[in-house]
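Below is one structure, written out as structure tokens; the observations come after it.
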Amino acid sequence: MEFASLQDLCLLLISLAIRRCICSERLCRLSVLLQRSPASDPPLVRISNTGLGSCIEEFQNLKCPVEGILAETWNGIVYVRTTNICDKEISCYELNLKENVTTRKPILLPSNIKHGVKFSGTEVCLSVSESVDVLLEEFNCFFQKILVLKVPNIAMEVMADGQDVPGSRNDAVFLEKFSPSSSFAASTLDHLKLGLESYVLRHGSSLACDSCFPNRDNLRSGGGMVCEDKHKTTKLVVEAAVVTSEIPNPTNNCFGAGCSDTKVLCFKDFAPCSISEALLKALTGIDWKRYGLALECAIDQRSHALLKWEHMPLSFHIHIVVHCYDKLVFEAMPLLQKTRFDKKLIRKAVKLALDDFKNKHAGVLLSADTLKVLACSRRNQEQLPKLASIFHLQISKFAPDLAKSIAGLVLYSSDMDFKEECLAILGLQPHQSEGEIVGENIKKKIISAIEVNDRRQQGTREVAPLLFEGRHELQYVDDECDEDGFDPMDL
């Protein structure tokens, strides 16, 4: 795999270290140390991990460009020190990444004795020509994104060491300890959903915005995963997570202030990656109308994809993350793979995440067909509040008012037989005729009826469930409704 810059090489080496930690299935530490050197010497980067040693084949596919500034200014030398738990020594190697990949041979250096101490890990060291401050900024951004994966068994740190340089200081740029709430038993998809929620709470930075998100109550999430056998030892896995947030009054510092666009983060083999054509095609190929959304366009922003919506309220935001990786079926060293992006698997994973979201959160992301039903119902039901947008229709916003209106008709009726019959349909006794109890029961049935209707297969003309008894008067909306000119703002 060819890298274009030393930053790219360092990020590739960090990704390998992360995969070694994951494969170890033990508590691990990942450390990136940048050592400032006197003006005459280039800075050094040390990337180390505990938990699992490496084999030298991990680095054999790394290829330095033969032309350009990097080829002229960098010596191509990488030093590797590695050991496994059962080894008595620490093996040391020197590799020249400028050499041809097919003929490259690592140089075995004198090993270090472990003196009976049992530990395992790997350290990679290389000199860099880039500024330490530039690398620190790049690494900090990289690790902030890595937090979205919420890998449970890795404590991570990025530090700058300037002890040999007069006037410099030691900086802990990034530090992520083990999370007490993380569980090894939880799936990578569960961690991905939690990680995306945390990313939203932080607005993509290192600090949470307490003014917008004092807690996770305003966040809703869903997830989906698909996998495909690649060959005997690995499977291609695609995971997707969707999180929605509502910020009624976002501050000027919020990354979503004044904008309803969706940022889609993409990861490959446990590392952030650039946007591929397959990902963009997968996103534009989704039938977003099933979820009450109208996609205007999808834009490649290099570090993420940007989805622009039509008629989306500024207070409502959708966040999406996609992770593609090769999962080892049997124990094996995590060699650097060229994981491919499969648009069909990506599209399926995102759709599964959206479906999971709809099943968990009643009344959010209703299909366009259901919204048309509600729009036609609106013409005969003046009690239904006017909503900001069809694409942000949420039952929770209008169901309480509609339920309150219906409860008032029941409770203030002078026909006692009618009143008792309504209470019986709701499963309530005469002594339970308080306004709050009746209204809450009606609200639940409204939500349930519309949700069942929304889950019906599109295009079916079956009668939807009734609000109170299981047979509904509201039929499938056909083209006759559209003839009047369906306007989302009629809602």
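Please note that chains go A, B, ... in the order of the structure tokens, that every chain numbers its residues from 1, and that ligands are numbered from 1 in the order shown.
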Problem - range 54-56 of chain A surroundings by only C-alpha atoms, 12 Å radius, close-in-sequence under 4 positions cut, as a count of residues only - result: 44
Exercise for the section: Just the residues within 9 Å of Ala278 in chain A, please, counting only C-alpha atoms, with nothing from its chain fewer than 4 positions along; format it as a PyMOL selection string. Expected result: chain A and resi 282-283+341-344+346
Problem - Shell of 8 Å around Leu306 in chain A, only C-alpha atoms, local chain residues under 6 positions omitted, as a PyMOL selection string - result: chain A and resi 261-264+298-300
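Going from CA of Leu34 in chain A to CA of Ala160 in chain A covers 4.7 Å.
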I'd like the contact shell of Lys419 in chain A - 10 Å cut-off, only C-alpha atoms, skipping same-chain residues fewer than 6 positions apart - returned as a CSV table (one decimal) with N, CA and C atoms, in the first residue's frame.
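Dumped to selection_18.csv:
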```csv
chain,number,residue,atom,x,y,z
A,409,LEU,N,-63.6,15.2,24.2
A,409,LEU,CA,-64.9,14.8,23.6
A,409,LEU,C,-65.5,13.6,24.4
A,410,VAL,N,-64.6,12.7,24.9
A,410,VAL,CA,-65.1,11.6,25.7
A,410,VAL,C,-65.5,12.0,27.1
A,411,LEU,N,-64.7,12.7,27.8
A,411,LEU,CA,-64.9,13.0,29.2
A,411,LEU,C,-66.0,14.0,29.4
A,412,TYR,N,-66.2,14.9,28.5
A,412,TYR,CA,-67.3,15.9,28.7
A,412,TYR,C,-68.6,15.6,27.9
A,413,SER,N,-68.6,14.3,27.5
A,413,SER,CA,-69.9,13.9,26.8
A,413,SER,C,-71.0,13.7,27.9
A,430,PRO,N,-64.3,2.9,35.2
A,430,PRO,CA,-65.0,4.3,35.4
A,430,PRO,C,-64.2,5.2,36.3
A,433,SER,N,-61.2,7.8,35.0
A,433,SER,CA,-61.7,8.7,34.0
A,433,SER,C,-61.0,10.1,34.2
```
Exercise for the section: Quick one: everything within 7 Å of Lys268 in chain A, counting only C-alpha atoms, minus sequence neighbours fewer than 6 positions away in the same chain. Send it as a ChimeraX atom specification. Expected result: /A:323-325
Could the residues in this selection be written to a file with N, CA, C and O atoms, as an mmCIF file, in the first residue's frame?
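Saved the output as again.cif:
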```cif
data_model
loop_
_atom_site.group_PDB
_atom_site.id
_atom_site.type_symbol
_atom_site.label_atom_id
_atom_site.label_comp_id
_atom_site.auth_asym_id
_atom_site.auth_seq_id
_atom_site.Cartn_x
_atom_site.Cartn_y
_atom_site.Cartn_z
ATOM 1 N N HIS A 323 -18.710 1.838 8.859
ATOM 2 C CA HIS A 323 -17.407 1.226 9.120
ATOM 3 C C HIS A 323 -17.305 -0.092 8.357
ATOM 4 O O HIS A 323 -18.131 -0.995 8.550
ATOM 5 N N CYS A 324 -16.314 -0.191 7.469
ATOM 6 C CA CYS A 324 -16.045 -1.414 6.708
ATOM 7 C C CYS A 324 -14.720 -2.005 7.180
ATOM 8 O O CYS A 324 -13.722 -1.283 7.248
ATOM 9 N N TYR A 325 -14.724 -3.291 7.496
ATOM 10 C CA TYR A 325 -13.472 -3.908 7.932
ATOM 11 C C TYR A 325 -13.497 -5.404 7.671
ATOM 12 O O TYR A 325 -14.555 -6.020 7.505
#
```
Problem - Coordinates-based distance that separates CA of Ser315 in chain A from CA of Leu201 in chain A (Å, one decimal) - result: 14.8 Å
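You can rank A:Lys63, A:Lys360, A:Arg347, A:His319 by their closest distance to Leu280 in chain A using only C-alpha atoms, and at the top of that list sits A:Arg347.
Here CA of Leu345 in chain A and CA of Phe3 in chain A stand 26.9 Å from one another.
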Exercise for the section: Name the residues of range 273-366 of chain A that fall into strand (DSSP E or B) according to DSSP on the backbone, using the chain letters and numbers of this document, as a ChimeraX atom specification. Expected result: /A:295-300,305-309,316-328
Handout entry: Distance criterion (only C-alpha atoms): nearest to Ala349 in chain A out of A:Gly68, A:Gly116, A:Gly224, A:Gly76
Key = A:Gly224
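Closest to Glu310 in chain A among A:Ala353, A:Glu25, A:Cys259, A:Ile69 is A:Cys259, based on only C-alpha atoms.
The smallest atom-to-atom distance between Leu9 in chain A and any of A:Ser127, A:Ser260, A:Asn153, A:Gln35, using only C-alpha atoms, is found for A:Ser127.
Each of A:Leu426, A:Met225, A:Met312, A:Leu265 was compared to Leu354 in chain A using only C-alpha atoms, and A:Met225 turns out to be the nearest.
Residue nearest Lys98 in chain A within the list A:Val66, A:Leu27, A:Val350, A:Leu194: A:Val66 [criterion: smallest interatomic distance, only C-alpha atoms].
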Practice task
Mind checking which residues fall within 12 Å of Leu428 in chain A, counting only C-alpha atoms, ignoring those fewer than 4 positions away in the same chain, and posting them as a PyMOL selection string?
Solution key: chain A and resi 419-424+432-434+437-442
For the selection you just gave me, I'd like the residues written to a file as a JSON list (two decimals), in the first residue's frame, keeping all heavy atoms.
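Below is the file that was written, part_36.json:
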```json
[["chain", "number", "residue", "atom", "x", "y", "z"],
["A", 419, "LYS", "N", -69.63, 7.30, 27.00],
["A", 419, "LYS", "CA", -68.44, 7.54, 27.80],
["A", 419, "LYS", "C", -67.89, 6.23, 28.36],
["A", 419, "LYS", "O", -66.67, 5.96, 28.27],
["A", 419, "LYS", "CB", -68.78, 8.50, 28.95],
["A", 419, "LYS", "CG", -67.60, 8.92, 29.81],
["A", 419, "LYS", "CD", -68.06, 9.98, 30.81],
["A", 419, "LYS", "CE", -66.90, 10.40, 31.69],
["A", 419, "LYS", "NZ", -67.31, 11.46, 32.66],
["A", 420, "GLU", "N", -68.78, 5.37, 28.90],
["A", 420, "GLU", "CA", -68.34, 4.09, 29.47],
["A", 420, "GLU", "C", -67.79, 3.17, 28.39],
["A", 420, "GLU", "O", -66.82, 2.44, 28.60],
["A", 420, "GLU", "CB", -69.51, 3.42, 30.20],
["A", 420, "GLU", "CG", -69.90, 4.13, 31.50],
["A", 420, "GLU", "CD", -71.06, 3.44, 32.18],
["A", 420, "GLU", "OE1", -71.49, 2.35, 31.70],
["A", 420, "GLU", "OE2", -71.55, 3.97, 33.21],
["A", 421, "GLU", "N", -68.43, 3.20, 27.20],
["A", 421, "GLU", "CA", -67.96, 2.36, 26.11],
["A", 421, "GLU", "C", -66.56, 2.78, 25.66],
["A", 421, "GLU", "O", -65.69, 1.93, 25.39],
["A", 421, "GLU", "CB", -68.93, 2.43, 24.93],
["A", 421, "GLU", "CG", -68.56, 1.49, 23.78],
["A", 421, "GLU", "CD", -69.57, 1.55, 22.66],
["A", 421, "GLU", "OE1", -70.59, 2.26, 22.79],
["A", 421, "GLU", "OE2", -69.32, 0.89, 21.63],
["A", 422, "CYS", "N", -66.30, 4.08, 25.58],
["A", 422, "CYS", "CA", -64.98, 4.57, 25.19],
["A", 422, "CYS", "C", -63.93, 4.18, 26.22],
["A", 422, "CYS", "O", -62.81, 3.75, 25.86],
["A", 422, "CYS", "CB", -65.00, 6.09, 25.03],
["A", 422, "CYS", "SG", -65.94, 6.66, 23.59],
["A", 423, "LEU", "N", -64.26, 4.30, 27.50],
["A", 423, "LEU", "CA", -63.32, 3.91, 28.55],
["A", 423, "LEU", "C", -63.02, 2.42, 28.48],
["A", 423, "LEU", "O", -61.87, 1.98, 28.68],
["A", 423, "LEU", "CB", -63.86, 4.29, 29.93],
["A", 423, "LEU", "CG", -63.97, 5.79, 30.24],
["A", 423, "LEU", "CD1", -64.63, 6.01, 31.59],
["A", 423, "LEU", "CD2", -62.58, 6.44, 30.22],
["A", 424, "ALA", "N", -64.06, 1.62, 28.19],
["A", 424, "ALA", "CA", -63.87, 0.17, 28.08],
["A", 424, "ALA", "C", -62.95, -0.18, 26.92],
["A", 424, "ALA", "O", -62.09, -1.06, 27.02],
["A", 424, "ALA", "CB", -65.22, -0.52, 27.92],
["A", 432, "GLN", "N", -61.17, 5.47, 36.54],
["A", 432, "GLN", "CA", -59.93, 5.93, 35.90],
["A", 432, "GLN", "C", -60.24, 6.97, 34.81],
["A", 432, "GLN", "O", -59.55, 7.04, 33.80],
["A", 432, "GLN", "CB", -59.17, 4.75, 35.27],
["A", 432, "GLN", "CG", -58.68, 3.73, 36.28],
["A", 432, "GLN", "CD", -58.01, 2.55, 35.60],
["A", 432, "GLN", "OE1", -58.62, 1.86, 34.78],
["A", 432, "GLN", "NE2", -56.74, 2.33, 35.92],
["A", 433, "SER", "N", -61.23, 7.78, 35.02],
["A", 433, "SER", "CA", -61.67, 8.73, 34.01],
["A", 433, "SER", "C", -61.03, 10.10, 34.15],
["A", 433, "SER", "O", -61.60, 11.10, 33.74],
["A", 433, "SER", "CB", -63.21, 8.87, 34.05],
["A", 433, "SER", "OG", -63.62, 9.31, 35.34],
["A", 434, "GLU", "N", -59.85, 10.14, 34.76],
["A", 434, "GLU", "CA", -59.14, 11.41, 34.86],
["A", 434, "GLU", "C", -58.56, 11.77, 33.49],
["A", 434, "GLU", "O", -58.20, 10.91, 32.69],
["A", 434, "GLU", "CB", -58.02, 11.32, 35.89],
["A", 434, "GLU", "CG", -58.52, 11.09, 37.31],
["A", 434, "GLU", "CD", -57.38, 11.02, 38.31],
["A", 434, "GLU", "OE1", -56.23, 11.29, 37.88],
["A", 434, "GLU", "OE2", -57.63, 10.71, 39.47],
["A", 437, "ILE", "N", -54.97, 10.29, 32.47],
["A", 437, "ILE", "CA", -54.95, 8.85, 32.21],
["A", 437, "ILE", "C", -55.59, 8.54, 30.87],
["A", 437, "ILE", "O", -55.04, 7.79, 30.05],
["A", 437, "ILE", "CB", -55.70, 8.09, 33.34],
["A", 437, "ILE", "CG1", -54.98, 8.30, 34.68],
["A", 437, "ILE", "CG2", -55.79, 6.61, 33.01],
["A", 437, "ILE", "CD1", -55.68, 7.67, 35.86],
["A", 438, "VAL", "N", -56.75, 9.14, 30.59],
["A", 438, "VAL", "CA", -57.44, 8.89, 29.32],
["A", 438, "VAL", "C", -56.61, 9.43, 28.15],
["A", 438, "VAL", "O", -56.43, 8.74, 27.14],
["A", 438, "VAL", "CB", -58.84, 9.55, 29.33],
["A", 438, "VAL", "CG1", -59.51, 9.39, 27.98],
["A", 438, "VAL", "CG2", -59.70, 8.94, 30.43],
["A", 439, "GLY", "N", -56.09, 10.64, 28.30],
["A", 439, "GLY", "CA", -55.30, 11.23, 27.23],
["A", 439, "GLY", "C", -54.05, 10.42, 26.92],
["A", 439, "GLY", "O", -53.68, 10.24, 25.75],
["A", 440, "GLU", "N", -53.38, 9.90, 27.96],
["A", 440, "GLU", "CA", -52.16, 9.12, 27.75],
["A", 440, "GLU", "C", -52.45, 7.82, 27.01],
["A", 440, "GLU", "O", -51.70, 7.41, 26.13],
["A", 440, "GLU", "CB", -51.50, 8.84, 29.11],
["A", 440, "GLU", "CG", -50.16, 8.11, 29.02],
["A", 440, "GLU", "CD", -49.10, 8.94, 28.34],
["A", 440, "GLU", "OE1", -49.20, 10.19, 28.36],
["A", 440, "GLU", "OE2", -48.14, 8.35, 27.79],
["A", 441, "ASN", "N", -53.56, 7.16, 27.37],
["A", 441, "ASN", "CA", -53.94, 5.92, 26.69],
["A", 441, "ASN", "C", -54.28, 6.17, 25.22],
["A", 441, "ASN", "O", -53.91, 5.39, 24.34],
["A", 441, "ASN", "CB", -55.13, 5.27, 27.41],
["A", 441, "ASN", "CG", -54.71, 4.41, 28.58],
["A", 441, "ASN", "OD1", -54.50, 3.21, 28.45],
["A", 441, "ASN", "ND2", -54.57, 5.03, 29.74],
["A", 442, "ILE", "N", -55.00, 7.25, 24.96],
["A", 442, "ILE", "CA", -55.34, 7.58, 23.56],
["A", 442, "ILE", "C", -54.08, 7.90, 22.77],
["A", 442, "ILE", "O", -53.93, 7.48, 21.62],
["A", 442, "ILE", "CB", -56.33, 8.75, 23.52],
["A", 442, "ILE", "CG1", -57.67, 8.33, 24.12],
["A", 442, "ILE", "CG2", -56.53, 9.24, 22.08],
["A", 442, "ILE", "CD1", -58.68, 9.45, 24.23]]
```
